[in-house]
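The data block below is input.tsv; it holds TSV, C-alpha atoms and all ligand atoms.
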```tsv
chain	number	residue	atom	x	y	z
A	1	MET	CA	0.00	0.00	0.00
A	2	GLN	CA	2.82	2.37	1.02
A	3	THR	CA	4.68	1.47	-2.18
A	4	LEU	CA	1.59	2.21	-4.29
A	5	LYS	CA	1.22	5.62	-2.63
A	6	ARG	CA	4.88	6.33	-3.33
A	7	ILE	CA	4.71	5.62	-7.09
A	8	PRO	CA	4.30	9.31	-8.14
A	9	THR	CA	7.31	10.29	-5.96
A	10	ILE	CA	9.40	7.44	-7.36
A	11	MET	CA	8.46	8.36	-10.93
A	12	GLY	CA	9.22	12.05	-10.33
A	13	ALA	CA	12.65	11.22	-8.89
A	14	PHE	CA	13.40	8.83	-11.75
A	15	TRP	CA	12.53	11.53	-14.26
A	16	ARG	CA	14.81	14.10	-12.61
A	17	LEU	CA	17.68	11.60	-12.51
A	18	LEU	CA	17.12	10.65	-16.12
A	19	PHE	CA	17.74	14.24	-17.21
A	20	MET	CA	20.60	15.19	-14.87
A	21	SER	CA	23.22	17.12	-16.82
A	22	ARG	CA	26.81	15.87	-17.07
A	23	GLU	CA	27.88	18.81	-14.89
A	24	GLU	CA	25.41	17.92	-12.12
A	25	ILE	CA	26.57	14.29	-12.21
A	26	ASP	CA	30.25	15.26	-12.06
A	27	ASP	CA	29.61	17.68	-9.18
A	28	PHE	CA	27.80	14.92	-7.30
A	29	LEU	CA	30.65	12.45	-7.84
A	30	THR	CA	33.29	15.03	-6.87
A	31	ALA	CA	31.43	15.90	-3.65
A	32	TYR	CA	32.29	12.42	-2.35
A	33	ASP	CA	35.94	13.49	-1.99
A	34	PHE	CA	34.93	15.95	0.70
A	35	PHE	CA	32.99	13.27	2.60
A	36	GLY	CA	36.01	10.92	2.44
A	37	ASN	CA	37.51	12.51	5.56
A	38	ASP	CA	37.28	11.95	9.26
A	39	PHE	CA	37.05	15.59	10.34
A	40	THR	CA	37.21	16.07	14.09
A	41	SER	CA	36.74	19.85	14.28
A	42	GLU	CA	36.32	22.96	12.15
A	43	GLU	CA	40.03	23.69	12.68
A	44	HIS	CA	40.86	20.24	11.40
A	45	MET	CA	38.69	20.83	8.32
A	46	ARG	CA	40.46	24.13	7.68
A	47	SER	CA	43.90	22.49	8.01
A	48	VAL	CA	42.96	19.79	5.46
A	49	LEU	CA	41.03	21.92	2.94
A	50	GLY	CA	42.64	25.35	3.29
A	51	GLU	CA	41.20	28.80	3.88
A	52	ASP	CA	38.19	28.38	1.59
A	53	TYR	CA	37.05	25.28	3.51
A	54	ILE	CA	33.60	26.75	4.21
A	55	GLU	CA	32.96	27.24	0.50
A	56	ILE	CA	34.13	23.67	-0.20
A	57	TYR	CA	31.91	22.40	2.62
A	58	ARG	CA	28.82	24.22	1.32
A	59	ARG	CA	29.38	23.29	-2.31
A	60	SER	CA	29.98	19.62	-1.47
A	61	VAL	CA	26.90	19.38	0.76
A	62	ARG	CA	24.67	21.05	-1.85
A	63	ASP	CA	26.04	19.06	-4.80
A	64	ARG	CA	25.67	15.82	-2.92
A	65	TYR	CA	22.11	16.39	-1.69
A	66	HIS	CA	20.97	17.95	-4.95
A	67	VAL	CA	21.22	14.44	-6.47
A	68	MET	CA	20.99	12.23	-3.40
A	69	ASN	CA	17.50	13.38	-2.49
A	70	PHE	CA	16.23	11.95	-5.80
A	71	LEU	CA	18.26	8.73	-5.43
A	72	CYS	CA	16.80	8.19	-1.96
A	73	ALA	CA	13.31	8.88	-3.29
A	74	LEU	CA	13.75	5.97	-5.73
A	75	GLY	CA	13.93	3.56	-2.84
A	76	ASP	CA	12.76	2.89	0.63
A	77	VAL	CA	14.37	5.84	2.41
A	78	GLU	CA	12.90	8.90	0.76
A	79	LYS	CA	13.57	10.80	3.94
A	80	MET	CA	17.35	10.53	3.65
A	81	TYR	CA	17.94	9.22	7.09
A	82	SER	CA	18.66	5.76	8.32
A	83	PRO	CA	16.03	5.05	10.94
A	84	PRO	CA	16.64	3.15	14.14
A	85	LEU	CA	15.45	-0.44	14.06
A	86	ILE	CA	12.11	-0.45	15.85
A	87	ASP	CA	10.40	-3.41	14.17
A	88	GLU	CA	12.62	-5.84	12.33
A	89	THR	CA	9.70	-7.29	10.37
A	90	LYS	CA	8.99	-3.90	8.78
A	91	SER	CA	10.69	-1.99	5.95
A	92	PRO	CA	13.12	0.91	6.55
A	93	PHE	CA	10.35	3.29	5.41
A	94	ASP	CA	7.96	1.88	8.03
A	95	ASN	CA	10.70	2.13	10.66
A	96	GLN	CA	11.11	5.80	9.72
A	97	LEU	CA	7.38	6.32	10.27
A	98	MET	CA	7.56	4.51	13.61
A	99	PHE	CA	10.51	6.63	14.70
A	100	GLU	CA	8.69	9.84	13.70
A	101	LYS	CA	5.62	8.74	15.65
A	102	ARG	CA	7.76	8.18	18.74
A	103	MET	CA	9.53	11.52	18.24
A	104	VAL	CA	6.21	13.37	17.96
A	105	GLU	CA	4.90	11.70	21.11
A	106	ASP	CA	8.08	12.73	22.94
A	107	ILE	CA	7.76	16.32	21.73
A	108	ARG	CA	4.00	16.60	22.23
A	109	PRO	CA	4.10	17.65	25.92
A	110	ALA	CA	5.90	20.84	24.86
A	111	LEU	CA	3.39	21.79	22.16
A	112	THR	CA	0.82	24.56	22.50
A	113	PRO	CA	-2.18	24.86	20.12
A	114	ASN	CA	-0.71	27.55	17.85
A	115	GLY	CA	2.94	26.80	18.52
A	116	ARG	CA	5.41	26.01	15.76
A	117	LEU	CA	8.15	23.43	15.32
A	118	LEU	CA	11.56	23.91	13.75
A	119	ASP	CA	12.95	21.21	11.43
A	120	LEU	CA	16.75	21.57	11.25
A	121	GLY	CA	18.05	20.08	7.99
A	122	SER	CA	14.55	19.55	6.68
A	123	GLY	CA	15.27	17.35	3.63
A	124	ARG	CA	12.40	17.24	1.14
A	125	GLY	CA	9.89	18.39	3.76
A	126	THR	CA	8.40	14.93	4.14
A	127	VAL	CA	9.06	14.72	7.88
A	128	SER	CA	7.71	18.27	8.34
A	129	ALA	CA	4.50	17.20	6.58
A	130	ASN	CA	4.18	14.12	8.76
A	131	VAL	CA	4.82	16.15	11.92
A	132	HIS	CA	2.13	18.64	10.89
A	133	GLU	CA	-0.33	15.80	10.19
A	134	GLN	CA	0.28	14.33	13.63
A	135	THR	CA	0.20	17.57	15.62
A	136	GLY	CA	-1.77	20.14	13.61
A	137	ASN	CA	1.07	22.60	14.33
A	138	GLY	CA	2.97	24.70	11.80
A	139	VAL	CA	6.55	23.76	10.89
A	140	VAL	CA	9.51	25.81	9.64
A	141	GLY	CA	12.29	23.86	7.90
A	142	ILE	CA	15.87	25.05	7.34
A	143	ASN	CA	17.93	23.59	4.53
A	144	ILE	CA	21.11	24.50	2.67
A	145	ASP	CA	19.97	22.92	-0.59
A	146	PRO	CA	17.54	24.86	-2.83
A	147	THR	CA	16.52	21.70	-4.71
A	148	GLN	CA	15.09	20.05	-1.61
A	149	ILE	CA	13.46	23.31	-0.52
A	150	GLU	CA	11.70	23.50	-3.88
A	151	VAL	CA	10.38	19.93	-3.45
A	152	GLY	CA	9.27	20.74	0.12
A	153	ARG	CA	7.50	23.96	-0.87
A	154	LYS	CA	5.59	22.19	-3.65
A	155	LEU	CA	4.48	19.52	-1.20
A	156	ALA	CA	3.33	22.12	1.37
A	157	VAL	CA	1.37	24.06	-1.29
A	158	LYS	CA	-0.21	20.91	-2.72
A	159	LYS	CA	-1.35	19.75	0.71
A	160	LYS	CA	-2.15	23.27	1.95
A	161	TYR	CA	-0.02	22.72	5.04
A	162	PRO	CA	1.34	25.59	7.17
A	163	ILE	CA	4.96	24.68	6.46
A	164	GLU	CA	7.59	27.24	5.46
A	165	PHE	CA	11.19	26.80	4.44
A	166	VAL	CA	14.27	28.92	5.04
A	167	LEU	CA	17.21	28.51	2.68
A	168	GLY	CA	20.51	28.79	4.55
A	169	ASP	CA	23.50	27.19	6.22
A	170	PHE	CA	22.48	26.47	9.79
A	171	ASN	CA	26.12	26.82	10.85
A	172	GLU	CA	25.65	30.57	10.45
A	173	PRO	CA	23.81	32.20	13.34
A	174	GLU	CA	22.36	34.55	10.66
A	175	ALA	CA	20.35	31.62	9.25
A	176	PHE	CA	18.42	31.72	12.53
A	177	GLY	CA	18.19	35.50	12.39
A	178	LEU	CA	14.96	35.36	10.37
A	179	LEU	CA	13.29	33.33	13.11
A	180	GLU	CA	11.74	35.23	15.92
A	181	GLU	CA	13.39	34.70	19.31
A	182	GLY	CA	11.53	32.31	21.63
A	183	SER	CA	8.87	31.69	18.97
A	184	PHE	CA	9.08	27.88	18.73
A	185	ASP	CA	7.68	25.22	21.04
A	186	ALA	CA	10.00	22.56	19.74
A	187	ALA	CA	12.84	21.79	17.37
A	188	TYR	CA	13.95	18.49	15.89
A	189	GLN	CA	16.96	17.45	13.89
A	190	ILE	CA	17.07	14.11	12.16
A	191	GLN	CA	20.59	13.00	11.18
A	192	ALA	CA	21.76	16.48	10.28
A	193	LEU	CA	23.80	17.33	13.38
A	194	SER	CA	26.83	15.68	11.80
A	195	ASN	CA	26.98	18.75	9.50
A	196	VAL	CA	27.39	21.22	12.35
A	197	HIS	CA	30.89	22.65	12.86
A	198	ASP	CA	30.56	24.34	16.22
A	199	LYS	CA	28.01	22.42	18.24
A	200	PRO	CA	27.91	24.70	21.34
A	201	ARG	CA	27.34	27.78	19.15
A	202	PHE	CA	24.67	25.93	17.16
A	203	PHE	CA	22.89	24.77	20.31
A	204	ARG	CA	22.84	28.36	21.53
A	205	SER	CA	21.13	29.37	18.26
A	206	VAL	CA	18.52	26.64	18.71
A	207	ASN	CA	18.08	27.74	22.33
A	208	ARG	CA	17.39	31.27	21.15
A	209	CYS	CA	14.54	30.13	18.87
A	210	LEU	CA	12.79	28.08	21.53
A	211	ARG	CA	10.68	29.39	24.36
A	212	VAL	CA	11.70	28.34	27.86
A	213	GLY	CA	10.11	24.92	28.38
A	214	GLY	CA	10.48	24.13	24.65
A	215	ARG	CA	11.82	20.74	23.62
A	216	TYR	CA	14.61	19.74	21.24
A	217	SER	CA	14.85	16.22	19.78
A	218	ILE	CA	17.95	14.95	17.98
A	219	LEU	CA	18.66	11.76	16.05
A	220	ALA	CA	22.41	11.88	15.47
A	221	TYR	CA	25.25	10.00	13.83
A	222	CYS	CA	27.79	9.44	16.66
A	223	ARG	CA	31.01	7.55	17.18
A	224	ASN	CA	31.36	5.15	20.06
A	225	PRO	CA	34.11	5.67	22.67
A	226	HIS	CA	36.24	2.73	21.59
A	227	TYR	CA	36.63	4.06	18.03
A	228	ASP	CA	40.39	4.67	17.72
A	229	ARG	CA	41.49	7.10	15.00
A	230	ASP	CA	45.02	5.71	15.15
A	231	ASN	CA	43.84	2.22	14.37
A	232	PRO	CA	44.07	1.95	10.52
A	233	THR	CA	41.14	-0.48	10.30
A	234	HIS	CA	38.91	1.74	12.43
A	235	TYR	CA	39.96	4.83	10.49
A	236	ASP	CA	39.29	3.23	7.09
A	237	LEU	CA	35.87	2.00	8.19
A	238	MET	CA	34.94	5.39	9.64
A	239	VAL	CA	35.96	7.32	6.52
A	240	ARG	CA	34.17	4.98	4.14
A	241	THR	CA	31.04	4.90	6.30
A	242	LYS	CA	31.01	8.70	6.39
A	243	GLN	CA	31.28	8.77	2.61
A	244	LEU	CA	28.28	6.50	2.30
A	245	MET	CA	26.15	8.24	4.92
A	246	ALA	CA	27.14	11.82	4.04
A	247	ALA	CA	28.36	12.26	7.62
A	248	ILE	CA	30.96	14.91	8.36
A	249	TYR	CA	31.67	14.99	12.09
A	250	SER	CA	31.10	12.09	14.47
A	251	PRO	CA	30.85	13.39	18.04
A	252	LEU	CA	30.44	11.19	21.10
A	253	ALA	CA	26.90	11.18	22.47
A	254	SER	CA	28.34	12.22	25.86
A	255	GLU	CA	29.87	15.33	24.24
A	256	LEU	CA	26.50	16.27	22.77
A	257	SER	CA	24.90	16.05	26.22
A	258	GLU	CA	27.63	18.23	27.75
A	259	TRP	CA	27.32	20.90	25.06
A	260	LEU	CA	23.53	20.90	25.35
A	261	GLU	CA	23.69	21.33	29.13
A	262	ASP	CA	26.13	24.23	28.66
A	263	SER	CA	23.74	25.83	26.17
A	264	GLY	CA	20.69	26.20	28.38
A	265	PHE	CA	19.20	22.71	27.91
A	266	ARG	CA	18.58	19.84	30.26
A	267	VAL	CA	18.98	16.42	28.65
A	268	VAL	CA	15.97	14.35	29.65
A	269	HIS	CA	16.67	11.30	27.50
A	270	SER	CA	19.71	9.86	25.72
A	271	GLU	CA	19.59	6.46	24.03
A	272	ASP	CA	21.45	4.49	21.41
A	273	MET	CA	18.57	3.48	19.18
A	274	SER	CA	20.93	1.77	16.74
A	275	VAL	CA	20.72	-1.33	18.89
A	276	LYS	CA	17.57	-3.01	20.04
A	277	GLY	CA	18.09	-5.85	22.48
A	278	GLU	CA	19.82	-8.66	20.68
A	279	LEU	CA	19.10	-7.12	17.30
A	280	SER	CA	21.62	-4.88	15.69
A	281	TRP	CA	20.86	-2.09	13.31
A	282	LEU	CA	22.45	-4.42	10.75
A	283	VAL	CA	19.03	-5.87	10.05
A	284	LEU	CA	17.98	-2.56	8.52
A	285	TYR	CA	21.24	-2.25	6.71
A	286	GLU	CA	20.64	-5.64	5.06
A	287	LYS	CA	17.20	-4.51	3.90
A	288	LEU	CA	18.40	-1.18	2.57
A	289	ASN	CA	21.42	-2.68	0.90
A	290	LYS	CA	19.38	-5.37	-0.83
A	291	HIS	CA	16.84	-2.83	-1.99
A	292	PHE	CA	19.29	-0.29	-3.47
A	293	ASN	CA	21.59	-2.96	-4.87
A	294	ARG	CA	18.64	-4.34	-6.80
A	295	ILE	CA	17.95	-0.90	-8.29
A	296	ASP	CA	21.67	-0.45	-8.97
A	297	THR	CA	21.89	-3.80	-10.81
A	298	TRP	CA	18.93	-3.01	-13.05
A	299	VAL	CA	20.05	0.52	-13.86
A	300	SER	CA	23.54	-0.71	-14.61
A	301	ARG	CA	22.17	-3.44	-16.95
A	302	LEU	CA	19.85	-1.05	-18.77
A	303	SER	CA	22.59	1.54	-19.19
A	304	ARG	CA	24.89	-1.11	-20.66
A	305	TYR	CA	22.29	-1.60	-23.42
A	306	ARG	CA	21.94	2.20	-23.67
A	307	ILE	CA	18.31	2.08	-22.57
A	308	LEU	CA	19.23	4.35	-19.65
A	309	PRO	CA	22.00	6.99	-19.67
A	310	ARG	CA	25.41	5.94	-18.38
A	311	GLY	CA	25.41	8.82	-15.90
A	312	MET	CA	22.48	7.27	-14.05
A	313	ALA	CA	24.42	4.06	-13.48
A	314	GLU	CA	27.45	6.09	-12.32
A	315	MET	CA	25.37	7.95	-9.73
A	316	LEU	CA	23.80	4.78	-8.38
A	317	ALA	CA	27.11	2.91	-8.26
A	318	ARG	CA	28.65	5.76	-6.22
A	319	PHE	CA	25.59	5.99	-4.01
A	320	THR	CA	25.64	2.28	-3.09
A	321	ALA	CA	29.45	1.93	-2.69
A	322	ASN	CA	30.97	1.32	0.76
A	323	GLY	CA	28.01	-0.59	2.16
A	324	ASP	CA	30.52	-3.19	3.40
A	325	ALA	CA	32.24	-0.53	5.55
A	326	TRP	CA	28.98	0.56	7.14
A	327	HIS	CA	28.16	-3.09	7.88
A	328	GLU	CA	31.56	-3.73	9.48
A	329	ALA	CA	31.72	-0.42	11.40
A	330	ASP	CA	28.32	-1.21	12.84
A	331	ARG	CA	29.24	-4.82	13.66
A	332	LEU	CA	32.34	-3.59	15.52
A	333	ARG	CA	30.17	-0.95	17.21
A	334	LEU	CA	32.47	1.88	16.08
A	335	ILE	CA	29.48	4.04	15.23
A	336	ALA	CA	26.02	4.65	16.61
A	337	PRO	CA	24.19	5.99	13.54
A	338	ALA	CA	20.93	6.58	15.41
A	339	TRP	CA	21.61	8.13	18.80
A	340	TYR	CA	18.46	9.73	20.15
A	341	ILE	CA	18.49	12.70	22.55
A	342	ILE	CA	15.67	14.78	23.99
A	343	ALA	CA	16.55	18.02	25.75
A	344	ASP	CA	14.40	20.72	27.33
A	345	LYS	CA	15.23	24.39	27.22
A	346	VAL	CA	15.54	25.44	30.84
A	347	ARG	CA	17.05	28.91	30.50
A	348	ASP	CA	17.96	31.61	27.97
A	349	VAL	CA	21.61	31.88	26.99
A	350	GLU	CA	23.69	34.52	25.26
A	351	ARG	CA	24.42	33.77	21.59
B	401	LIG	C1	20.84	13.20	6.27
B	401	LIG	S1	19.80	14.42	5.60
B	401	LIG	C2	18.39	14.29	6.64
B	401	LIG	C3	17.24	14.94	5.99
B	401	LIG	C4	15.97	15.10	6.77
B	401	LIG	N1	16.15	15.33	8.17
B	401	LIG	C5	15.11	13.93	6.50
B	401	LIG	O1	14.88	13.20	7.41
B	401	LIG	O2	14.71	13.75	5.37
B	401	LIG	C6	20.56	15.93	6.12
B	401	LIG	C7	19.79	17.17	5.68
B	401	LIG	O3	20.41	18.32	6.24
B	401	LIG	C8	20.60	19.29	5.21
B	401	LIG	N2	21.80	20.06	5.57
B	401	LIG	C9	23.07	19.59	5.58
B	401	LIG	N3	23.93	20.55	5.97
B	401	LIG	C10	23.18	21.65	6.20
B	401	LIG	C11	23.50	22.97	6.61
B	401	LIG	N4	24.75	23.31	6.85
B	401	LIG	N5	22.50	23.86	6.77
B	401	LIG	C12	21.20	23.50	6.52
B	401	LIG	N6	20.85	22.25	6.11
B	401	LIG	C13	21.82	21.33	5.96
B	401	LIG	C14	20.77	18.48	3.94
B	401	LIG	O4	20.52	19.23	2.78
B	401	LIG	C15	19.76	17.37	4.18
B	401	LIG	O5	18.49	17.77	3.80
```
Is it possible to give me this structure as structure tokens?
Amino acid sequence: MQTLKRIPTIMGAFWRLLFMSREEIDDFLTAYDFFGNDFTSEEHMRSVLGEDYIEIYRRSVRDRYHVMNFLCALGDVEKMYSPPLIDETKSPFDNQLMFEKRMVEDIRPALTPNGRLLDLGSGRGTVSANVHEQTGNGVVGINIDPTQIEVGRKLAVKKKYPIEFVLGDFNEPEAFGLLEEGSFDAAYQIQALSNVHDKPRFFRSVNRCLRVGGRYSILAYCRNPHYDRDNPTHYDLMVRTKQLMAAIYSPLASELSEWLEDSGFRVVHSEDMSVKGELSWLVLYEKLNKHFNRIDTWVSRLSRYRILPRGMAEMLARFTANGDAWHEADRLRLIAPAWYIIADKVRDVER
């Protein structure tokens, strides 16, 4: 049923990919070089990339997501995040919906009838739409990529939902400048915190947007404490997993809690949702991998016979590469791709 409902989205994404220009494809492929790093701080990024590192960062993120949002829409993870495993019998898409339901229930106590929510790194606006459907509240999404904002705006207009989008780099406090201070009941950020350079500064910006008593929910890509950068196997797995998942930084969950507490929040919940009892997140990985590899195989075959353009096969091959690293990094518990935190704003802080 879900798949039937998704057919127009899948067809739309296929169409956009079919007509990607050579330049767009090359930019997408080149962006992977940027993600093939294990950056530990903004200073580290500057030392590796040079003085124009911010420009390289922005260009790489935009070029990657400009294409990736359509590739994801072809498959089971339209929402561009890898959900925690909540029900192993269900698809990744269903697990996303289950996670969003849980997130909304966790945020709900902070919501007031006309209050708004802030979606940080709002993708194609699909989560914002779901959050509005579940709460009736308005949502404002921030995204660095105009392509996804365009998709999100069309969706909001079509459904007549009170969802707005702000185009900007959320690393810049100015991106928050358009949002009225203390005007949000809640904020959420689903697998986009890995793109934040200066987490304490960013948390202060989020703090500024929320009213006291507002709630902030985060699903983040984290590293686990026994990840050792000096171990060549660990390092290789981390870098290749980051390339696959478009992750940039990989903080410890404990660091996130500390920075939140220093930024006027109280952490009320912190949980590694990548693991569920005996079941590892690998179960989801297997499903996703199988699904996208099947698409990859067909596109590659059809492009060999020139039924589909070669560029489409190149994009899919790049998109599905390094799955083995993700699998191994997860098996060794080097990463926690779905760490879930809920924090309440308890006081105002200076920016
Ligand atoms: C892994 S995706 C998650 C998308 C979205 N939360 C969802 O569930 O569909 C990360 C999102 O953050 C956006 N993003 C990345 N860096 C950003 C930045 N510096 N400022 C604003 N948005 C950013 C990307 O364009 C992308 O939409």
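Proximity to Tyr216 (chain A) at 6 Å, evaluated using only C-alpha atoms and with sequence-adjacent residues fewer than 4 positions away removed, yields Ala186, Ala187, Tyr188, Ile342 and Ala343 of chain A.
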Six-sided padding of 5 Å per side, axis-aligned box over ligand LIG 401 (chain B), centre and edges in Å, one decimal, as lines of an AutoDock Vina configuration file:
```
center_x = 19.7
center_y = 18.5
center_z = 5.5
size_x = 20.0
size_y = 20.7
size_z = 15.4
```
Hey, which residues sit close to ligand LIG 401 (chain B)? Say within 7 Å, counting only C-alpha atoms and all ligand atoms, and write them as number ranges by chain. A: 58, 61-62, 65, 78-81, 120-127, 142-145, 148, 168-171, 189-192, 195-196, 246
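With all atoms listed in the file as the basis for measurement, A:Met238 is the residue among A:Met312, A:Leu288, A:Met238, A:Ala317 that approaches Leu332 (chain A) most closely.
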CA of Glu180 (chain A) and CA of Glu258 (chain A) are how many Å apart? 26.1 Å
CA of Met68 (chain A) to CA of Met20 (chain A), straight-line distance in Å: 11.9 Å
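Nearest residue to Arg116 (chain A) among A:Ser217, A:Thr135, A:Ser250, A:Asn37 is A:Thr135, counting only C-alpha atoms.
Counting from CA of Arg294 (chain A), the distance to CA of Thr89 (chain A) is 19.6 Å.
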Selection: 10 Å around Tyr32 (chain A), all atoms listed in the file, excl. self and same-chain fewer than 3 positions, as an MDAnalysis selection string: chainID A and resid 27:29 35:37 60:61 63:64 242:244 246 318:319
Could you list, as a ChimeraX atom specification, every residue within 12 Å of Phe19 (chain A), counting only C-alpha atoms and ignoring same-chain residues fewer than 4 positions away? /A:12-15,23-25,67,70,308-312
Restrict the selected residues to C-alpha atoms and save them as an mmCIF file, in the frame of the given file.
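Contents of result32.cif, freshly written:
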```
data_model
loop_
_atom_site.group_PDB
_atom_site.id
_atom_site.type_symbol
_atom_site.label_atom_id
_atom_site.label_comp_id
_atom_site.auth_asym_id
_atom_site.auth_seq_id
_atom_site.Cartn_x
_atom_site.Cartn_y
_atom_site.Cartn_z
ATOM 1 C CA GLY A 12 9.220 12.050 -10.330
ATOM 2 C CA ALA A 13 12.650 11.220 -8.890
ATOM 3 C CA PHE A 14 13.400 8.830 -11.750
ATOM 4 C CA TRP A 15 12.530 11.530 -14.260
ATOM 5 C CA GLU A 23 27.880 18.810 -14.890
ATOM 6 C CA GLU A 24 25.410 17.920 -12.120
ATOM 7 C CA ILE A 25 26.570 14.290 -12.210
ATOM 8 C CA VAL A 67 21.220 14.440 -6.470
ATOM 9 C CA PHE A 70 16.230 11.950 -5.800
ATOM 10 C CA LEU A 308 19.230 4.350 -19.650
ATOM 11 C CA PRO A 309 22.000 6.990 -19.670
ATOM 12 C CA ARG A 310 25.410 5.940 -18.380
ATOM 13 C CA GLY A 311 25.410 8.820 -15.900
ATOM 14 C CA MET A 312 22.480 7.270 -14.050
#
```
Exercise: region 101-115 of chain A partners within 8 Å, only C-alpha atoms, chain neighbours under 3 positions left out, as a count of residues only: 17
Near Gly75 (chain A), within 12 Å and counting all atoms listed in the file, which residues show up once chain neighbours fewer than 6 positions away are dropped, as a VMD selection string? chain A and resid 2 to 3 6 to 7 9 to 11 13 to 14 68 to 69 91 to 93 287 to 296 316 319 to 320
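Among the candidates A:Leu74, A:Val140, A:Leu117, A:Val346, the residue lying nearest to Glu261 (chain A) is A:Val346 (atoms considered: only C-alpha atoms).
Within 7 Å of the point (20.3, 9.5, 25.5), counting all atoms listed in the file, the protein and nucleic acid residues come to His269, Ser270, Glu271, Asp272, Trp339, Tyr340 and Ile341 of chain A.
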Top pick for closest residue to Ala247 (chain A), considering A:Glu55, A:Glu150, A:Asp38, A:Asp33 and counting all atoms listed in the file: A:Asp38
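The smallest atom-to-atom distance between Glu350 (chain A) and any of A:Arg208, A:His234, A:Arg333, A:Lys159, using only C-alpha atoms, is found for A:Arg208.
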Residues within 8 Å of (10.2, 28.0, -0.2), file coordinates, counting all atoms listed in the file: what are they? Give the list as a ChimeraX atom specification. /A:149-150,152-153,164-167
Residue with smallest distance to Arg204 (chain A) - pool A:Tyr227, A:Trp298, A:Tyr221, A:Phe265, counting all atoms listed in the file: A:Phe265
